[in-house]
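Shown next: target.tsv, given as TSV, C-alpha atoms.
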```tsv
chain	number	residue	atom	x	y	z
G	27	MET	CA	-50.18	-15.47	33.11
G	28	TYR	CA	-52.68	-13.28	31.30
G	29	ILE	CA	-53.18	-12.52	27.62
G	30	GLU	CA	-55.44	-9.95	26.00
G	31	SER	CA	-58.37	-11.13	23.88
G	32	TRP	CA	-57.12	-9.26	20.81
G	33	GLU	CA	-53.78	-11.03	21.03
G	34	ILE	CA	-55.50	-14.41	21.17
G	35	ALA	CA	-57.38	-13.48	18.01
G	36	VAL	CA	-54.18	-12.29	16.30
G	37	ARG	CA	-52.32	-15.51	17.09
G	38	LEU	CA	-55.16	-17.74	15.88
G	39	LEU	CA	-55.58	-15.65	12.74
G	40	LEU	CA	-51.86	-15.84	12.03
G	41	ALA	CA	-52.02	-19.62	12.39
G	42	VAL	CA	-54.91	-19.77	9.92
G	43	VAL	CA	-53.04	-17.61	7.39
G	44	LEU	CA	-49.72	-19.45	7.64
G	45	GLY	CA	-51.33	-22.89	7.59
G	46	GLY	CA	-53.48	-21.83	4.64
G	47	LEU	CA	-50.46	-20.67	2.63
G	48	ILE	CA	-48.82	-24.08	2.90
G	49	GLY	CA	-52.16	-25.80	2.32
G	50	VAL	CA	-52.72	-23.88	-0.92
G	51	GLU	CA	-49.51	-25.33	-2.35
G	52	ARG	CA	-50.53	-28.87	-1.37
G	53	GLU	CA	-54.01	-28.31	-2.82
G	54	ARG	CA	-52.46	-27.01	-6.04
G	55	VAL	CA	-50.69	-30.31	-6.64
G	56	ASN	CA	-53.81	-32.28	-5.68
G	57	ARG	CA	-52.50	-33.92	-2.51
G	58	PRO	CA	-54.84	-35.71	-0.05
G	59	ALA	CA	-54.19	-33.18	2.73
G	60	GLY	CA	-54.76	-29.75	1.26
G	61	PHE	CA	-55.99	-26.26	2.12
G	62	ARG	CA	-58.55	-26.99	4.83
G	63	THR	CA	-56.53	-29.75	6.48
G	64	HIS	CA	-53.47	-27.54	6.94
G	65	ILE	CA	-55.58	-24.69	8.31
G	66	LEU	CA	-57.23	-27.01	10.82
G	67	VAL	CA	-53.92	-28.51	11.95
G	68	CYS	CA	-52.21	-25.12	12.30
G	69	SER	CA	-55.06	-23.33	14.07
G	70	GLY	CA	-55.73	-26.35	16.30
G	71	SER	CA	-52.07	-26.47	17.33
G	72	ALA	CA	-52.15	-22.74	18.08
G	73	LEU	CA	-55.25	-23.17	20.25
G	74	ILE	CA	-53.69	-26.05	22.16
G	75	MET	CA	-50.59	-23.94	22.76
G	76	LEU	CA	-52.75	-21.07	24.02
G	77	VAL	CA	-54.65	-23.37	26.35
G	78	SER	CA	-51.42	-24.94	27.58
G	79	ALA	CA	-49.70	-21.61	28.19
G	80	TYR	CA	-52.59	-19.46	29.44
G	81	GLY	CA	-55.64	-21.61	30.02
G	82	PHE	CA	-54.70	-22.74	33.51
G	83	SER	CA	-53.81	-19.32	34.95
G	84	GLY	CA	-55.55	-18.96	38.27
G	85	GLN	CA	-56.78	-22.55	38.15
G	86	VAL	CA	-54.07	-24.00	40.38
G	87	GLY	CA	-53.25	-23.21	43.96
G	88	GLU	CA	-50.26	-21.35	45.29
G	89	GLY	CA	-47.00	-23.22	45.28
G	90	PHE	CA	-47.83	-25.13	42.09
G	91	LEU	CA	-46.10	-24.41	38.82
G	92	VAL	CA	-47.79	-24.72	35.43
G	93	ASP	CA	-45.72	-26.31	32.67
G	94	PRO	CA	-46.98	-24.85	29.36
G	95	GLY	CA	-45.10	-27.47	27.37
G	96	ARG	CA	-46.84	-30.56	28.69
G	97	ILE	CA	-50.07	-30.35	26.71
G	98	ALA	CA	-48.39	-28.85	23.66
G	99	ALA	CA	-45.94	-31.75	23.55
G	100	GLY	CA	-48.84	-34.07	22.82
G	101	VAL	CA	-49.39	-32.29	19.50
G	102	VAL	CA	-46.04	-33.46	18.17
G	103	THR	CA	-46.92	-37.07	18.97
G	104	GLY	CA	-50.55	-36.96	17.95
G	105	ILE	CA	-49.94	-35.28	14.61
G	106	GLY	CA	-47.93	-38.31	13.52
G	107	PHE	CA	-51.11	-40.36	13.21
G	108	LEU	CA	-52.65	-37.79	10.89
G	109	GLY	CA	-49.50	-37.59	8.80
G	110	ALA	CA	-49.33	-41.37	8.50
G	111	GLY	CA	-52.77	-41.32	6.90
G	112	THR	CA	-51.42	-39.33	3.94
G	113	ILE	CA	-48.66	-41.83	3.13
G	114	LEU	CA	-49.53	-44.39	0.47
G	115	GLN	CA	-47.46	-47.41	-0.50
G	116	GLN	CA	-48.04	-48.80	-3.98
G	117	ARG	CA	-45.87	-51.74	-4.99
G	118	GLY	CA	-42.55	-50.25	-4.01
G	119	SER	CA	-43.49	-46.63	-4.65
G	120	VAL	CA	-44.12	-44.53	-1.55
G	121	ARG	CA	-46.20	-41.37	-1.96
G	122	GLY	CA	-47.31	-38.71	0.48
G	123	LEU	CA	-44.13	-38.30	2.53
G	124	THR	CA	-43.83	-34.61	1.64
G	125	THR	CA	-47.45	-33.95	2.58
G	126	ALA	CA	-46.99	-35.80	5.87
G	127	ALA	CA	-43.93	-33.66	6.55
G	128	THR	CA	-45.83	-30.43	5.82
G	129	ILE	CA	-48.56	-31.44	8.26
G	130	TRP	CA	-45.92	-32.02	10.93
G	131	VAL	CA	-44.24	-28.67	10.20
G	132	VAL	CA	-47.60	-26.87	10.13
G	133	SER	CA	-48.34	-28.16	13.61
G	134	GLY	CA	-45.05	-26.62	14.75
G	135	VAL	CA	-45.96	-23.35	13.03
G	136	GLY	CA	-49.26	-23.37	14.91
G	137	LEU	CA	-47.52	-23.96	18.23
G	138	ALA	CA	-45.12	-21.10	17.53
G	139	ALA	CA	-47.97	-18.75	16.60
G	140	GLY	CA	-49.91	-19.79	19.69
G	141	VAL	CA	-47.06	-19.04	22.06
G	142	GLY	CA	-46.30	-15.71	20.38
G	143	PHE	CA	-43.11	-16.71	18.56
G	144	TYR	CA	-44.19	-14.82	15.45
G	145	LEU	CA	-40.82	-14.56	13.73
G	146	GLY	CA	-40.19	-18.29	13.98
G	147	ALA	CA	-43.66	-19.11	12.64
G	148	ILE	CA	-43.40	-16.71	9.70
G	149	LEU	CA	-39.84	-17.67	8.73
G	150	THR	CA	-40.64	-21.38	8.93
G	151	THR	CA	-43.65	-20.89	6.65
G	152	PHE	CA	-41.47	-18.96	4.21
G	153	PHE	CA	-38.80	-21.68	4.13
G	154	VAL	CA	-41.42	-24.41	3.70
G	155	LEU	CA	-42.94	-22.60	0.72
G	156	VAL	CA	-39.50	-22.09	-0.81
G	157	SER	CA	-38.72	-25.79	-0.48
G	158	LEU	CA	-42.07	-26.83	-1.96
G	159	LEU	CA	-42.22	-24.33	-4.81
G	160	LEU	CA	-38.63	-23.64	-5.80
G	161	LEU	CA	-36.54	-26.58	-4.66
G	162	ARG	CA	-38.86	-29.00	-6.49
G	163	ARG	CA	-37.33	-27.88	-9.79
G	164	ALA	CA	-33.80	-28.38	-8.52
G	165	GLU	CA	-34.74	-31.81	-7.18
G	166	ASN	CA	-36.31	-32.82	-10.48
G	167	HIS	CA	-33.23	-31.65	-12.37
G	168	PHE	CA	-30.49	-33.14	-10.21
G	169	PHE	CA	-31.94	-36.03	-8.24
G	170	VAL	CA	-35.26	-37.43	-9.43
G	171	ARG	CA	-33.94	-39.14	-12.55
G	172	ARG	CA	-31.30	-40.95	-10.50
G	173	ARG	CA	-33.86	-42.72	-8.34
G	174	LEU	CA	-35.65	-45.92	-9.21
G	175	LYS	CA	-39.06	-45.16	-10.65
G	176	HIS	CA	-42.11	-47.38	-10.81
G	177	LEU	CA	-43.69	-47.83	-14.24
G	178	ARG	CA	-46.64	-50.15	-14.77
G	179	ILE	CA	-47.83	-51.31	-18.17
G	180	THR	CA	-51.27	-52.84	-18.52
G	181	ALA	CA	-51.59	-54.70	-21.79
G	182	VAL	CA	-53.31	-57.51	-23.65
G	183	ASP	CA	-51.38	-60.69	-22.89
G	184	GLN	CA	-49.81	-61.93	-26.13
G	185	PRO	CA	-46.58	-63.58	-27.34
G	186	GLY	CA	-43.60	-61.27	-27.61
G	187	LEU	CA	-45.12	-58.51	-25.45
G	188	LEU	CA	-42.31	-58.43	-22.90
G	189	GLY	CA	-39.68	-58.50	-25.63
G	190	ARG	CA	-41.19	-55.52	-27.45
G	191	ILE	CA	-41.34	-53.56	-24.22
G	192	GLY	CA	-37.70	-54.41	-23.50
G	193	VAL	CA	-36.65	-53.22	-26.95
G	194	ALA	CA	-38.53	-49.92	-26.43
G	195	PHE	CA	-36.72	-49.42	-23.13
G	196	GLY	CA	-33.38	-50.27	-24.72
G	197	GLU	CA	-33.85	-47.76	-27.55
G	198	LYS	CA	-34.37	-45.02	-24.95
G	199	MET	CA	-31.43	-46.20	-22.81
G	200	VAL	CA	-33.73	-46.98	-19.89
G	201	ASN	CA	-32.17	-49.35	-17.37
G	202	ILE	CA	-34.57	-51.97	-15.97
G	203	ARG	CA	-33.51	-52.80	-12.43
G	204	LYS	CA	-36.45	-55.02	-11.52
G	205	SER	CA	-39.64	-56.31	-13.15
G	206	GLU	CA	-42.71	-58.13	-11.86
G	207	LEU	CA	-45.39	-59.92	-13.91
G	208	ASN	CA	-48.79	-60.32	-12.31
G	209	GLU	CA	-51.23	-63.09	-13.08
G	210	PRO	CA	-53.32	-62.37	-16.20
G	211	GLU	CA	-56.96	-61.44	-15.63
G	212	THR	CA	-59.79	-62.23	-17.99
G	213	SER	CA	-61.70	-59.16	-19.12
G	214	GLY	CA	-65.05	-58.87	-20.91
G	215	LYS	CA	-67.14	-61.42	-22.72
G	216	SER	CA	-64.42	-62.03	-25.30
G	217	GLY	CA	-62.23	-63.64	-22.66
G	218	THR	CA	-59.27	-61.38	-23.46
G	219	GLU	CA	-56.49	-61.76	-20.90
G	220	ILE	CA	-55.03	-58.55	-19.45
G	221	ILE	CA	-51.71	-58.51	-17.66
G	222	ASN	CA	-50.04	-55.91	-15.44
G	223	ILE	CA	-46.25	-55.65	-15.67
G	224	ASP	CA	-44.40	-53.58	-13.07
G	225	PHE	CA	-40.98	-52.15	-13.92
G	226	PHE	CA	-38.57	-50.37	-11.60
G	227	VAL	CA	-36.31	-48.36	-13.86
G	228	GLU	CA	-33.60	-45.73	-14.08
G	229	ILE	CA	-34.03	-43.25	-16.92
G	230	PRO	CA	-31.41	-40.98	-18.52
G	231	SER	CA	-31.45	-37.40	-17.29
G	232	ASP	CA	-31.90	-36.07	-20.83
G	233	LEU	CA	-34.84	-38.33	-21.73
G	234	SER	CA	-38.26	-36.73	-21.91
G	235	LEU	CA	-40.92	-38.73	-20.07
G	236	LYS	CA	-43.40	-37.87	-22.83
G	237	GLU	CA	-41.04	-39.39	-25.37
G	238	LEU	CA	-40.78	-42.56	-23.29
G	239	PHE	CA	-44.55	-42.84	-22.83
G	240	ASP	CA	-45.10	-42.22	-26.56
G	241	SER	CA	-42.77	-45.08	-27.51
G	242	LEU	CA	-44.52	-47.48	-25.11
G	243	SER	CA	-48.12	-46.49	-25.87
G	244	VAL	CA	-47.80	-47.34	-29.58
G	245	LEU	CA	-46.80	-50.94	-28.86
G	246	PRO	CA	-49.50	-53.44	-29.92
G	247	GLY	CA	-51.79	-54.40	-27.05
G	248	VAL	CA	-50.71	-51.70	-24.57
G	249	LYS	CA	-53.84	-50.46	-22.82
G	250	GLU	CA	-52.58	-48.30	-19.95
G	251	ILE	CA	-49.32	-46.82	-18.64
G	252	SER	CA	-48.90	-45.70	-15.03
G	253	TRP	CA	-45.96	-43.70	-13.70
G	254	GLN	CA	-45.33	-43.62	-9.97
G	255	GLY	CA	-48.87	-44.87	-9.31
G	256	GLU	CA	-50.61	-42.31	-11.57
G	257	VAL	CA	-52.14	-43.17	-14.94
G	258	VAL	CA	-50.36	-41.17	-17.67
G	259	ARG	CA	-51.67	-42.93	-20.80
G	260	LYS	CA	-54.87	-44.86	-21.39
G	261	ASP	CA	-56.06	-46.41	-24.63
G	262	ASP	CA	-59.57	-47.87	-24.57
G	263	THR	CA	-59.09	-49.26	-28.09
G	264	ALA	CA	-56.19	-51.51	-27.16
G	265	TYR	CA	-58.44	-54.59	-27.27
G	266	ASP	CA	-59.22	-53.96	-30.93
G	267	ILE	CA	-55.56	-54.23	-31.90
G	268	LEU	CA	-55.84	-57.99	-31.80
```
This entry written out as structure tokens:
Amino acid sequence: MYIESWEIAVRLLLAVVLGGLIGVERERVNRPAGFRTHILVCSGSALIMLVSAYGFSGQVGEGFLVDPGRIAAGVVTGIGFLGAGTILQQRGSVRGLTTAATIWVVSGVGLAAGVGFYLGAILTTFFVLVSLLLLRRAENHFFVRRRLKHLRITAVDQPGLLGRIGVAFGEKMVNIRKSELNEPETSGKSGTEIINIDFFVEIPSDLSLKELFDSLSVLPGVKEISWQGEVVRKDDTAYDIL
């Protein structure tokens, strides 16, 4: 099998463009695998597909058949290790699954571009972008609030702290499904004890997260609030409340 040099360039360029489009979206939301990573995965997959399909032409003797899928099949397996590196597990909250999935899909887009299946590569990229950009809003509206969410409160350890937090949750109709108290840690020369409390909660669909964070951040002793592993409120003056 023979392929013109210009067509090789077109297929690799298409892989770069399509992988870059998906990578831009991941970079925009500050994910660990972003613009460059997706370009590298997509163009690398396209190159491997080109090598597998055309690289061995004339290299084998008569009577032997070349299977273009054998080398390319290794991409599907190997890309799983790269995708696994983007998945983070933080005390019951798993992050990075979507990014890992985009890396896997991008490798498929690269394979399609490399073999010349242009329509499949372009349509897949379009559908991926639609799911990342548009379906996120629908997911947030219909599904996200129904899932258990991880909220961590870092506060100065003091009597009645847990009760005040529970009252704040109750006023906002937040359902606590599970809570974990970590061992207090001594901070600074004053010997102030800081405690991390992990909550796994269900929140009402009509409750604003900002409203919830506001009600928790004003509680005496609260130093930091994290939502799904990301710090959303931080008060460096919390020690002075005592």
Original post:
Which of these, G:Ala181, G:Leu238, G:Ala126, G:Val50, has the shortest distance to Thr212 of chain G once you count all atoms listed in the file?
Top reply: G:Ala181
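Going from atom CA of Cys68 of chain G to atom CA of Ala147 of chain G covers 10.5 Å.
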I want to know what sits within 12 Å of Leu39 of chain G, based on all atoms listed in the file, with residues of the same chain fewer than 3 positions away left out; could you give that as a PDB file with C-alpha atoms, in the frame of the given file?
```pdb
ATOM      1  CA  TRP G  32     -57.120  -9.260  20.810  1.00  0.00           C
ATOM      2  CA  GLU G  33     -53.780 -11.030  21.030  1.00  0.00           C
ATOM      3  CA  ILE G  34     -55.500 -14.410  21.170  1.00  0.00           C
ATOM      4  CA  ALA G  35     -57.380 -13.480  18.010  1.00  0.00           C
ATOM      5  CA  VAL G  36     -54.180 -12.290  16.300  1.00  0.00           C
ATOM      6  CA  VAL G  42     -54.910 -19.770   9.920  1.00  0.00           C
ATOM      7  CA  VAL G  43     -53.040 -17.610   7.390  1.00  0.00           C
ATOM      8  CA  LEU G  44     -49.720 -19.450   7.640  1.00  0.00           C
ATOM      9  CA  GLY G  45     -51.330 -22.890   7.590  1.00  0.00           C
ATOM     10  CA  GLY G  46     -53.480 -21.830   4.640  1.00  0.00           C
ATOM     11  CA  ILE G  65     -55.580 -24.690   8.310  1.00  0.00           C
ATOM     12  CA  LEU G  66     -57.230 -27.010  10.820  1.00  0.00           C
ATOM     13  CA  CYS G  68     -52.210 -25.120  12.300  1.00  0.00           C
ATOM     14  CA  SER G  69     -55.060 -23.330  14.070  1.00  0.00           C
ATOM     15  CA  GLY G  70     -55.730 -26.350  16.300  1.00  0.00           C
ATOM     16  CA  ALA G  72     -52.150 -22.740  18.080  1.00  0.00           C
ATOM     17  CA  LEU G  73     -55.250 -23.170  20.250  1.00  0.00           C
ATOM     18  CA  GLY G 136     -49.260 -23.370  14.910  1.00  0.00           C
ATOM     19  CA  ALA G 139     -47.970 -18.750  16.600  1.00  0.00           C
ATOM     20  CA  GLY G 140     -49.910 -19.790  19.690  1.00  0.00           C
ATOM     21  CA  TYR G 144     -44.190 -14.820  15.450  1.00  0.00           C
TER      22      TYR G 144
END
```
Subject >> Best match for closeness to Glu209 of chain G among G:Glu53, G:Glu250, G:Asp232, G:Asp183, counting all atoms listed in the file >> reply: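 That would be G:Asp183, the residue with the smallest distance to Glu209 of chain G.
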Original post:
Which residue, G:Thr103, G:Thr112, G:Ser71, G:Asn201, has the smallest gap to Pro230 of chain G when you use all atoms listed in the file?
Top reply: G:Asn201
At a cut-off of 10 Å from (-53.4, -22.4, 26.3) in the coordinates of the file, what residues are picked up using only C-alpha atoms, written as a compact mmCIF listing (two decimals) with C-alpha atoms, keeping the file's coordinate frame?
```txt
# COMPACT_ATOMS: atom_id res chain seq x y z
CA ILE G 29 -53.18 -12.52 27.62
CA ILE G 34 -55.50 -14.41 21.17
CA SER G 71 -52.07 -26.47 17.33
CA ALA G 72 -52.15 -22.74 18.08
CA LEU G 73 -55.25 -23.17 20.25
CA ILE G 74 -53.69 -26.05 22.16
CA MET G 75 -50.59 -23.94 22.76
CA LEU G 76 -52.75 -21.07 24.02
CA VAL G 77 -54.65 -23.37 26.35
CA SER G 78 -51.42 -24.94 27.58
CA ALA G 79 -49.70 -21.61 28.19
CA TYR G 80 -52.59 -19.46 29.44
CA GLY G 81 -55.64 -21.61 30.02
CA PHE G 82 -54.70 -22.74 33.51
CA SER G 83 -53.81 -19.32 34.95
CA PRO G 94 -46.98 -24.85 29.36
CA GLY G 95 -45.10 -27.47 27.37
CA ILE G 97 -50.07 -30.35 26.71
CA ALA G 98 -48.39 -28.85 23.66
CA GLY G 140 -49.91 -19.79 19.69
CA VAL G 141 -47.06 -19.04 22.06
```
Original post:
For Val258 of chain G, which residue out of G:Val102, G:Leu177, G:Val67, G:Ala194 is the nearest one, using all atoms listed in the file?
Top reply: G:Leu177
**OP:** Name the closest residue to Val156 of chain G among the candidates G:Ile48, G:Leu233, G:Gln254, G:Gly196; distances are taken between atoms, counting only C-alpha atoms.
**Re:**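 Among the listed residues, G:Ile48 lies closest to Val156 of chain G.
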Original post:
Can you list, as a ChimeraX atom specification, every protein, DNA or RNA residue that comes within 12 Å of Val154 of chain G when you count all atoms listed in the file, leaving out same-chain residues fewer than 6 positions away?
Top reply: /G:44-45,47-49,51-52,124-125,127-132,134-135,147-148,160-162
Using C-alpha atoms, can you export the residues from the last selection as a PDB file, in the frame of the given file?
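Contents of the output file again.pdb:
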```
ATOM      1  CA  LEU G  44     -49.720 -19.450   7.640  1.00  0.00           C
ATOM      2  CA  GLY G  45     -51.330 -22.890   7.590  1.00  0.00           C
ATOM      3  CA  LEU G  47     -50.460 -20.670   2.630  1.00  0.00           C
ATOM      4  CA  ILE G  48     -48.820 -24.080   2.900  1.00  0.00           C
ATOM      5  CA  GLY G  49     -52.160 -25.800   2.320  1.00  0.00           C
ATOM      6  CA  GLU G  51     -49.510 -25.330  -2.350  1.00  0.00           C
ATOM      7  CA  ARG G  52     -50.530 -28.870  -1.370  1.00  0.00           C
ATOM      8  CA  THR G 124     -43.830 -34.610   1.640  1.00  0.00           C
ATOM      9  CA  THR G 125     -47.450 -33.950   2.580  1.00  0.00           C
ATOM     10  CA  ALA G 127     -43.930 -33.660   6.550  1.00  0.00           C
ATOM     11  CA  THR G 128     -45.830 -30.430   5.820  1.00  0.00           C
ATOM     12  CA  ILE G 129     -48.560 -31.440   8.260  1.00  0.00           C
ATOM     13  CA  TRP G 130     -45.920 -32.020  10.930  1.00  0.00           C
ATOM     14  CA  VAL G 131     -44.240 -28.670  10.200  1.00  0.00           C
ATOM     15  CA  VAL G 132     -47.600 -26.870  10.130  1.00  0.00           C
ATOM     16  CA  GLY G 134     -45.050 -26.620  14.750  1.00  0.00           C
ATOM     17  CA  VAL G 135     -45.960 -23.350  13.030  1.00  0.00           C
ATOM     18  CA  ALA G 147     -43.660 -19.110  12.640  1.00  0.00           C
ATOM     19  CA  ILE G 148     -43.400 -16.710   9.700  1.00  0.00           C
ATOM     20  CA  LEU G 160     -38.630 -23.640  -5.800  1.00  0.00           C
ATOM     21  CA  LEU G 161     -36.540 -26.580  -4.660  1.00  0.00           C
ATOM     22  CA  ARG G 162     -38.860 -29.000  -6.490  1.00  0.00           C
TER      23      ARG G 162
END
```
**OP:** For atom CA of Gly60 of chain G and atom CA of Leu137 of chain G, quote the distance in Å rounded to one decimal.
**Re:** 19.3 Å
Original post:
Mind pulling up the distance from atom CA of Lys175 of chain G to atom CA of Ser231 of chain G?
Top reply: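 That distance, rounded to one decimal, is 12.7 Å.
Once segment 222-227 of chain G and its same-chain neighbours fewer than 3 positions away are set aside, Leu174, Lys175, His176, Leu177, Arg178, Ile179, Thr180, Asn201, Ile202, Arg203, Lys204, Ser205, Glu206, Leu207 and Asn208 of chain G remain within 6 Å of it when counting only C-alpha atoms.
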**OP:** Find, counting all atoms listed in the file, the residue in G:Ser157, G:Ser243, G:Asn56, G:Ser31 that gets nearest to Arg190 of chain G.
**Re:** G:Ser243
Kindly reconstruct segment 121-144 of chain G with N, CA and C atoms and present the result as a PDB file, in the frame of the given file.
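Heads up, here's the output in rebuild-v4.pdb:
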```pdb
ATOM      1  N   ARG G 121     -45.738 -42.716  -1.661  1.00  0.00           N
ATOM      2  CA  ARG G 121     -46.200 -41.370  -1.960  1.00  0.00           C
ATOM      3  C   ARG G 121     -46.791 -40.735  -0.706  1.00  0.00           C
ATOM      4  N   GLY G 122     -46.688 -39.428  -0.616  1.00  0.00           N
ATOM      5  CA  GLY G 122     -47.310 -38.710   0.480  1.00  0.00           C
ATOM      6  C   GLY G 122     -46.366 -38.311   1.598  1.00  0.00           C
ATOM      7  N   LEU G 123     -45.073 -38.634   1.464  1.00  0.00           N
ATOM      8  CA  LEU G 123     -44.130 -38.300   2.530  1.00  0.00           C
ATOM      9  C   LEU G 123     -43.996 -36.785   2.690  1.00  0.00           C
ATOM     10  N   THR G 124     -43.966 -36.068   1.567  1.00  0.00           N
ATOM     11  CA  THR G 124     -43.830 -34.610   1.640  1.00  0.00           C
ATOM     12  C   THR G 124     -45.050 -33.987   2.311  1.00  0.00           C
ATOM     13  N   THR G 125     -46.237 -34.471   1.958  1.00  0.00           N
ATOM     14  CA  THR G 125     -47.450 -33.950   2.580  1.00  0.00           C
ATOM     15  C   THR G 125     -47.481 -34.250   4.068  1.00  0.00           C
ATOM     16  N   ALA G 126     -47.062 -35.450   4.445  1.00  0.00           N
ATOM     17  CA  ALA G 126     -46.990 -35.800   5.870  1.00  0.00           C
ATOM     18  C   ALA G 126     -46.016 -34.872   6.600  1.00  0.00           C
ATOM     19  N   ALA G 127     -44.899 -34.554   5.940  1.00  0.00           N
ATOM     20  CA  ALA G 127     -43.930 -33.660   6.550  1.00  0.00           C
ATOM     21  C   ALA G 127     -44.492 -32.239   6.704  1.00  0.00           C
ATOM     22  N   THR G 128     -45.255 -31.775   5.714  1.00  0.00           N
ATOM     23  CA  THR G 128     -45.830 -30.430   5.820  1.00  0.00           C
ATOM     24  C   THR G 128     -46.856 -30.360   6.945  1.00  0.00           C
ATOM     25  N   ILE G 129     -47.609 -31.419   7.147  1.00  0.00           N
ATOM     26  CA  ILE G 129     -48.560 -31.440   8.260  1.00  0.00           C
ATOM     27  C   ILE G 129     -47.821 -31.348   9.589  1.00  0.00           C
ATOM     28  N   TRP G 130     -46.725 -32.072   9.697  1.00  0.00           N
ATOM     29  CA  TRP G 130     -45.920 -32.020  10.930  1.00  0.00           C
ATOM     30  C   TRP G 130     -45.352 -30.622  11.145  1.00  0.00           C
ATOM     31  N   VAL G 131     -44.807 -30.017  10.079  1.00  0.00           N
ATOM     32  CA  VAL G 131     -44.240 -28.670  10.200  1.00  0.00           C
ATOM     33  C   VAL G 131     -45.332 -27.656  10.525  1.00  0.00           C
ATOM     34  N   VAL G 132     -46.496 -27.796   9.882  1.00  0.00           N
ATOM     35  CA  VAL G 132     -47.600 -26.870  10.130  1.00  0.00           C
ATOM     36  C   VAL G 132     -48.031 -26.908  11.589  1.00  0.00           C
ATOM     37  N   SER G 133     -48.005 -28.087  12.192  1.00  0.00           N
ATOM     38  CA  SER G 133     -48.340 -28.160  13.610  1.00  0.00           C
ATOM     39  C   SER G 133     -47.346 -27.368  14.445  1.00  0.00           C
ATOM     40  N   GLY G 134     -46.057 -27.419  14.056  1.00  0.00           N
ATOM     41  CA  GLY G 134     -45.050 -26.620  14.750  1.00  0.00           C
ATOM     42  C   GLY G 134     -45.257 -25.138  14.528  1.00  0.00           C
ATOM     43  N   VAL G 135     -45.666 -24.754  13.311  1.00  0.00           N
ATOM     44  CA  VAL G 135     -45.960 -23.350  13.030  1.00  0.00           C
ATOM     45  C   VAL G 135     -47.113 -22.873  13.906  1.00  0.00           C
ATOM     46  N   GLY G 136     -48.125 -23.719  14.053  1.00  0.00           N
ATOM     47  CA  GLY G 136     -49.260 -23.370  14.910  1.00  0.00           C
ATOM     48  C   GLY G 136     -48.855 -23.200  16.365  1.00  0.00           C
ATOM     49  N   LEU G 137     -47.996 -24.087  16.847  1.00  0.00           N
ATOM     50  CA  LEU G 137     -47.520 -23.960  18.230  1.00  0.00           C
ATOM     51  C   LEU G 137     -46.739 -22.664  18.418  1.00  0.00           C
ATOM     52  N   ALA G 138     -45.904 -22.336  17.432  1.00  0.00           N
ATOM     53  CA  ALA G 138     -45.120 -21.100  17.530  1.00  0.00           C
ATOM     54  C   ALA G 138     -46.021 -19.876  17.513  1.00  0.00           C
ATOM     55  N   ALA G 139     -47.035 -19.877  16.646  1.00  0.00           N
ATOM     56  CA  ALA G 139     -47.970 -18.750  16.600  1.00  0.00           C
ATOM     57  C   ALA G 139     -48.753 -18.642  17.899  1.00  0.00           C
ATOM     58  N   GLY G 140     -49.132 -19.789  18.454  1.00  0.00           N
ATOM     59  CA  GLY G 140     -49.910 -19.790  19.690  1.00  0.00           C
ATOM     60  C   GLY G 140     -49.151 -19.243  20.877  1.00  0.00           C
ATOM     61  N   VAL G 141     -47.849 -19.497  20.922  1.00  0.00           N
ATOM     62  CA  VAL G 141     -47.060 -19.040  22.060  1.00  0.00           C
ATOM     63  C   VAL G 141     -46.527 -17.619  21.850  1.00  0.00           C
ATOM     64  N   GLY G 142     -46.754 -17.065  20.644  1.00  0.00           N
ATOM     65  CA  GLY G 142     -46.300 -15.710  20.380  1.00  0.00           C
ATOM     66  C   GLY G 142     -44.946 -15.599  19.728  1.00  0.00           C
ATOM     67  N   PHE G 143     -44.405 -16.712  19.234  1.00  0.00           N
ATOM     68  CA  PHE G 143     -43.110 -16.710  18.560  1.00  0.00           C
ATOM     69  C   PHE G 143     -43.353 -16.428  17.076  1.00  0.00           C
ATOM     70  N   TYR G 144     -43.734 -15.194  16.789  1.00  0.00           N
ATOM     71  CA  TYR G 144     -44.190 -14.820  15.450  1.00  0.00           C
ATOM     72  C   TYR G 144     -43.097 -14.963  14.404  1.00  0.00           C
TER      73      TYR G 144
END
```
